[in-house]
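J.: I'm passing along start-v7.tsv; it holds TSV, C-alpha atoms.
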```
chain	number	residue	atom	x	y	z
A	238	MET	CA	14.05	38.73	15.36
A	239	LYS	CA	11.51	36.04	14.55
A	240	ILE	CA	13.66	34.77	11.63
A	241	ALA	CA	16.75	34.61	13.84
A	242	HIS	CA	14.82	32.81	16.56
A	243	ARG	CA	13.51	30.27	14.03
A	244	THR	CA	17.05	29.68	12.71
A	245	ILE	CA	18.31	28.99	16.20
A	246	LEU	CA	15.49	26.51	16.81
A	247	LEU	CA	16.18	24.70	13.54
A	248	ALA	CA	19.89	24.52	14.30
A	249	SER	CA	19.18	23.19	17.80
A	250	GLY	CA	16.82	20.58	16.36
A	251	ALA	CA	19.44	19.44	13.84
A	252	LEU	CA	22.12	19.15	16.53
A	253	GLY	CA	19.72	17.19	18.71
A	254	ALA	CA	18.97	14.77	15.88
A	255	LEU	CA	22.68	14.27	15.23
A	256	ALA	CA	23.27	13.61	18.92
A	257	LEU	CA	20.52	10.98	18.96
A	258	LEU	CA	21.94	9.30	15.85
A	259	GLY	CA	25.41	9.36	17.36
A	260	GLY	CA	24.12	7.81	20.57
A	261	ALA	CA	22.31	5.07	18.67
A	262	ALA	CA	25.43	4.35	16.65
A	263	PHE	CA	27.45	4.08	19.87
A	264	LEU	CA	24.95	1.73	21.52
A	265	LEU	CA	24.75	-0.44	18.43
A	266	ARG	CA	28.53	-0.24	17.92
A	267	VAL	CA	28.08	0.89	14.30
A	268	PRO	CA	31.24	2.52	12.88
A	269	PRO	CA	30.81	6.22	11.89
A	270	PHE	CA	28.78	6.70	8.71
A	271	GLY	CA	28.57	2.91	8.19
A	272	GLN	CA	32.32	2.55	7.70
A	273	LYS	CA	33.84	-0.87	8.36
A	274	GLY	CA	37.29	-1.21	9.87
A	275	GLY	CA	39.91	-2.58	7.53
A	276	ILE	CA	41.37	-6.08	7.80
A	277	GLU	CA	44.92	-6.29	6.49
A	278	ALA	CA	46.50	-9.61	5.49
A	279	SER	CA	49.37	-8.93	7.88
A	280	GLU	CA	46.95	-8.78	10.84
A	281	VAL	CA	45.11	-12.09	10.50
A	282	CYS	CA	46.01	-15.26	12.41
A	283	ALA	CA	48.81	-17.25	10.80
A	284	SER	CA	46.86	-20.43	11.58
A	285	LEU	CA	44.19	-19.35	9.06
A	286	GLY	CA	46.61	-20.12	6.24
A	287	THR	CA	47.17	-17.90	3.22
A	288	SER	CA	46.80	-14.45	4.75
A	289	ALA	CA	45.46	-12.60	1.69
A	290	SER	CA	42.74	-15.21	1.13
A	291	ALA	CA	41.85	-15.32	4.84
A	292	ALA	CA	41.61	-11.52	5.06
A	293	GLU	CA	39.32	-11.42	2.03
A	294	ALA	CA	37.02	-14.08	3.51
A	295	LEU	CA	36.90	-12.32	6.87
A	296	ARG	CA	35.93	-9.03	5.25
A	297	GLU	CA	32.97	-10.80	3.66
A	298	VAL	CA	31.58	-12.60	6.71
A	299	LEU	CA	32.28	-10.34	9.70
A	300	PRO	CA	29.89	-7.63	10.88
A	301	ALA	CA	30.85	-3.97	10.59
A	302	GLU	CA	33.10	-2.85	13.44
A	303	SER	CA	35.48	0.09	13.66
A	304	SER	CA	38.39	-2.28	14.31
A	305	TYR	CA	39.16	-5.98	14.75
A	306	SER	CA	41.61	-7.89	16.92
A	307	PHE	CA	43.20	-11.29	16.31
A	308	ASP	CA	44.52	-13.73	18.90
A	309	ASP	CA	46.38	-16.75	17.56
A	310	ASP	CA	47.66	-19.68	19.64
A	311	VAL	CA	49.49	-22.60	17.99
A	312	THR	CA	50.93	-25.58	19.87
A	313	SER	CA	53.56	-27.15	17.60
A	314	ARG	CA	54.23	-30.82	17.12
A	315	VAL	CA	57.71	-32.16	17.89
A	316	ASP	CA	57.60	-35.18	15.58
A	317	ALA	CA	55.30	-37.84	14.10
A	318	THR	CA	54.83	-39.52	17.51
A	319	ASP	CA	53.54	-36.34	19.17
A	320	THR	CA	49.75	-35.98	19.56
A	321	GLY	CA	49.85	-32.46	20.95
A	322	TYR	CA	49.27	-30.32	17.86
A	323	GLU	CA	46.46	-27.79	18.17
A	324	SER	CA	45.69	-24.19	17.28
A	325	ALA	CA	43.02	-21.60	17.99
A	326	CYS	CA	42.33	-18.26	16.31
A	327	PHE	CA	39.95	-15.77	17.94
A	328	VAL	CA	38.64	-12.76	16.02
A	329	SER	CA	36.98	-10.01	18.06
A	330	GLY	CA	35.42	-6.60	17.43
A	331	GLY	CA	33.20	-4.18	19.32
A	332	GLY	CA	33.91	-5.99	22.58
A	333	GLU	CA	32.57	-9.31	21.27
A	334	GLN	CA	34.03	-12.53	19.93
A	335	LEU	CA	33.01	-12.71	16.28
A	336	LEU	CA	34.70	-15.83	14.87
A	337	VAL	CA	36.68	-18.79	16.19
A	338	ALA	CA	38.84	-21.23	14.22
A	339	ASP	CA	39.97	-24.39	16.02
A	340	VAL	CA	42.34	-27.19	14.94
A	341	ARG	CA	43.27	-30.29	16.87
A	342	LEU	CA	45.01	-33.58	16.16
A	343	MET	CA	42.89	-36.58	17.08
A	344	ALA	CA	42.50	-40.30	16.42
A	345	ASP	CA	40.75	-41.27	13.21
A	346	GLU	CA	36.99	-41.87	13.50
A	347	GLU	CA	34.13	-42.93	11.30
A	348	GLU	CA	32.70	-40.05	9.31
A	349	GLY	CA	29.36	-40.03	11.12
A	350	SER	CA	30.97	-40.19	14.54
A	351	TRP	CA	33.30	-37.28	13.76
A	352	THR	CA	30.42	-35.21	12.36
A	353	GLU	CA	28.44	-35.59	15.57
A	354	TRP	CA	31.51	-34.81	17.66
A	355	VAL	CA	32.44	-31.66	15.74
A	356	ARG	CA	28.79	-30.54	15.81
A	357	GLY	CA	29.01	-30.63	19.61
A	358	THR	CA	32.04	-28.31	19.64
A	359	ALA	CA	30.02	-25.38	18.25
A	360	ALA	CA	29.23	-22.61	20.72
A	361	SER	CA	25.70	-22.24	19.33
A	362	ASP	CA	23.25	-24.89	18.12
A	363	ALA	CA	22.12	-22.38	15.49
A	364	SER	CA	25.54	-22.66	13.85
A	365	VAL	CA	25.15	-26.37	13.08
A	366	THR	CA	21.43	-26.85	12.38
A	367	ALA	CA	21.83	-26.88	8.59
A	368	LEU	CA	25.15	-28.64	7.99
A	369	THR	CA	25.62	-30.07	4.50
A	370	PRO	CA	28.70	-31.82	3.08
A	371	PHE	CA	31.33	-30.34	0.78
A	372	PRO	CA	34.29	-32.11	-0.90
A	373	ALA	CA	37.42	-31.90	1.25
A	374	GLY	CA	39.51	-34.25	3.39
A	375	LYS	CA	37.96	-37.45	4.69
A	376	LYS	CA	34.74	-35.63	5.62
A	377	ALA	CA	33.67	-31.99	5.51
A	378	VAL	CA	30.44	-30.19	6.44
A	379	ALA	CA	29.32	-26.56	6.46
A	380	SER	CA	26.43	-24.17	7.07
A	381	GLY	CA	26.10	-20.40	6.92
A	382	ARG	CA	27.66	-20.16	10.40
A	383	PHE	CA	30.02	-23.14	10.63
A	384	ALA	CA	32.50	-25.13	8.51
A	385	ALA	CA	34.57	-28.16	9.47
A	386	VAL	CA	36.86	-30.62	7.74
A	387	PHE	CA	38.45	-33.89	8.93
A	388	VAL	CA	41.88	-34.19	7.28
A	389	PRO	CA	44.12	-37.30	7.29
A	390	CYS	CA	47.45	-36.50	8.93
A	391	THR	CA	49.60	-39.25	10.46
A	392	SER	CA	49.60	-42.81	9.18
A	393	ALA	CA	49.18	-45.79	11.48
A	394	GLY	CA	52.35	-47.01	13.20
A	395	HIS	CA	53.64	-43.67	14.44
A	396	ILE	CA	51.19	-43.13	17.32
A	397	PRO	CA	49.52	-45.86	19.41
A	398	GLY	CA	45.92	-46.22	18.31
A	399	GLY	CA	46.42	-46.07	14.55
A	400	GLN	CA	45.88	-43.19	12.11
A	401	TYR	CA	45.50	-39.62	13.35
A	402	ASN	CA	43.65	-36.81	11.59
A	403	LEU	CA	43.30	-33.05	11.94
A	404	SER	CA	39.86	-31.79	12.90
A	405	VAL	CA	39.47	-28.20	11.66
A	406	SER	CA	36.44	-26.03	12.42
A	407	VAL	CA	35.50	-22.38	11.90
A	408	GLU	CA	32.47	-20.87	13.63
A	409	LEU	CA	31.02	-17.47	12.77
A	410	LYS	CA	29.53	-16.37	16.08
A	411	LYS	CA	28.21	-13.04	14.84
A	412	PRO	CA	27.56	-12.78	11.07
A	413	GLY	CA	27.63	-9.61	9.02
A	414	GLY	CA	25.28	-8.58	6.26
A	415	ALA	CA	26.10	-11.32	3.74
A	416	GLY	CA	23.56	-14.11	3.27
A	417	ALA	CA	23.91	-17.69	4.47
A	418	ALA	CA	25.08	-19.02	1.08
A	419	ALA	CA	27.82	-16.38	0.78
A	420	ASN	CA	28.92	-16.96	4.38
A	421	ARG	CA	29.07	-20.72	3.83
A	422	ALA	CA	31.36	-20.30	0.82
A	423	GLU	CA	33.74	-18.02	2.72
A	424	LEU	CA	33.75	-20.23	5.85
A	425	ILE	CA	34.67	-23.20	3.67
A	426	LYS	CA	37.55	-21.15	2.28
A	427	LEU	CA	38.71	-20.32	5.81
A	428	ALA	CA	38.42	-23.94	6.99
A	429	THR	CA	40.29	-25.41	4.04
A	430	ASN	CA	43.00	-22.74	4.27
A	431	ALA	CA	43.43	-23.46	7.98
A	432	ALA	CA	43.57	-27.19	7.22
A	433	SER	CA	46.33	-26.63	4.65
A	434	PHE	CA	48.38	-24.60	7.14
A	435	ALA	CA	47.89	-27.18	9.91
A	436	HIS	CA	48.73	-30.10	7.61
A	437	THR	CA	52.15	-28.59	6.99
A	438	GLU	CA	52.80	-27.35	10.53
A	439	ALA	CA	51.75	-30.67	12.09
A	440	LYS	CA	54.27	-32.58	9.93
A	441	CYS	CA	51.58	-34.82	8.44
A	442	ASP	CA	52.69	-37.70	6.21
A	443	LEU	CA	49.28	-38.56	4.73
A	444	ALA	CA	47.86	-36.66	1.76
A	445	ARG	CA	45.09	-34.15	2.51
```
Have the structure of the file written as structure tokens, please.

T.:
Amino acid sequence: MKIAHRTILLASGALGALALLGGAAFLLRVPPFGQKGGIEASEVCASLGTSASAAEALREVLPAESSYSFDDDVTSRVDATDTGYESACFVSGGGEQLLVADVRLMADEEEGSWTEWVRGTAASDASVTALTPFPAGKKAVASGRFAAVFVPCTSAGHIPGGQYNLSVSVELKKPGGAGAAANRAELIKLATNAASFAHTEAKCDLAR
């Protein structure tokens, strides 16, 4: 009887421990047994460019969630005189917004002026505290949480005000387990892919 009683106590203790672990996993929104939901190329926002490359980058930078959702909104451009092109891709998981990619057509600016402007578009100051340049477009900067590129688009003479460029930014609002250097490399990939997609969709006549 004592052995049976001890077995019951041990079993109860084990079930209690599992319940506590399960509750902690629920509160922390950790997928069961550390599993991370899959991200298929067919699911990602079209505005992020080459889907296979975008899916690979997202798998690297996003935190572990049981599933992810993608919301893509692209406003097309009618012709070279139209200034209305813009797009936004929102990636969410676990009830939170994890990453945002934003593209908009805007008048050409000096590199320093654009850098300060795009820095101000970030949702968190922490995303843009360590921006360093990388080679792309007219100007490009990135950190472990943010990447942006200013890409020539429409030559002067089509729209009043002169040349127009595409401002492309990607902000990682909630990073996963990769380090800052790895995140920076993948965010650059996402930003340049998005810039390539936008350059074609916006009917740009200037080289990227």

J.: Please compute the atom CA of A:Phe434-atom CA of A:Ser288 distance, one decimal, in Å.

T.: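 Separation between atom CA of A:Phe434 and atom CA of A:Ser288: 10.5 Å.
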
J.: Within 9 Å of A:Ile276, counting all atoms listed in the file, which residues show up once you throw out same-chain ones fewer than 2 positions away? Write them as a VMD selection string, please.

T.: chain A and resid 274 278 to 281 292 to 293 295 to 296 304 to 305

J.: For atom CA of A:Ala393 and atom CA of A:Lys375, determine how far apart the two atoms are, in Å to one decimal place.

T.: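 Answer for the atom CA of A:Ala393 to atom CA of A:Lys375 separation: 15.5 Å.
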
J.: If you measure from atom CA of A:Trp351 to atom CA of A:Val328, what distance in Å do you get, rounded to one decimal?

T.: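 Distance between the two atoms: 25.2 Å.
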
J.: Let me know the centre plus edge lengths, in Å and rounded to one decimal, of a box with edges along x, y and z that contains all listed atoms of stretch 351-370 of chain A and is padded by 5 Å on every side, as AutoDock Vina command-line options.

T.:
```
--center_x 27.4 --center_y -29.8 --center_z 11.9 --size_x 21.9 --size_y 25.0 --size_z 27.6
```

J.: With distances taken over all atoms listed in the file, which residue among A:Leu409, A:Ala283, A:Val311, A:Ala435 lies nearest A:Ala363?

T.: A:Leu409

J.: Taking (49.0, -40.8, 16.9) in the file's coordinates, which residues come within 10 Å, counting only C-alpha atoms, written as JSON, numbers by chain?

T.: {"A": [317, 318, 319, 320, 321, 342, 343, 344, 345, 390, 391, 392, 393, 394, 395, 396, 397, 398, 399, 400, 401, 402]}

J.: For A:Ser284, which of A:Ser303, A:Ser324, A:Thr358, A:Ser313 is the closest residue, counting only C-alpha atoms?

T.: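 Among the listed residues, the smallest separation from A:Ser284 belongs to A:Ser324.
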
J.: Here's a test: counting only C-alpha atoms, identify every protein, DNA and RNA residue with an atom at most 12 Å from (28.2, -20.7, 3.5) in the file's coordinate frame, and state them as a ChimeraX atom specification.

T.: /A:294,297-298,364-365,367-371,378-385,407-409,412,415-428

J.: Could you check the closest approach to A:Ala291 for each of A:Ala431, A:Phe387, A:Glu347, A:Pro372 and tell me which residue wins, using only C-alpha atoms?

T.: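 So, comparing all the options, the nearest one is A:Ala431.
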
J.: Given only C-alpha atoms as the basis, pick out the residue of A:Lys376, A:Arg341, A:Phe327, A:Ser433 nearest to A:Arg314.

T.: A:Arg341

J.: Find the residue from A:Ser306, A:Ser329, A:Thr312, A:Ser406 that sits nearest to A:Thr352; use only C-alpha atoms when measuring.

T.: A:Ser406
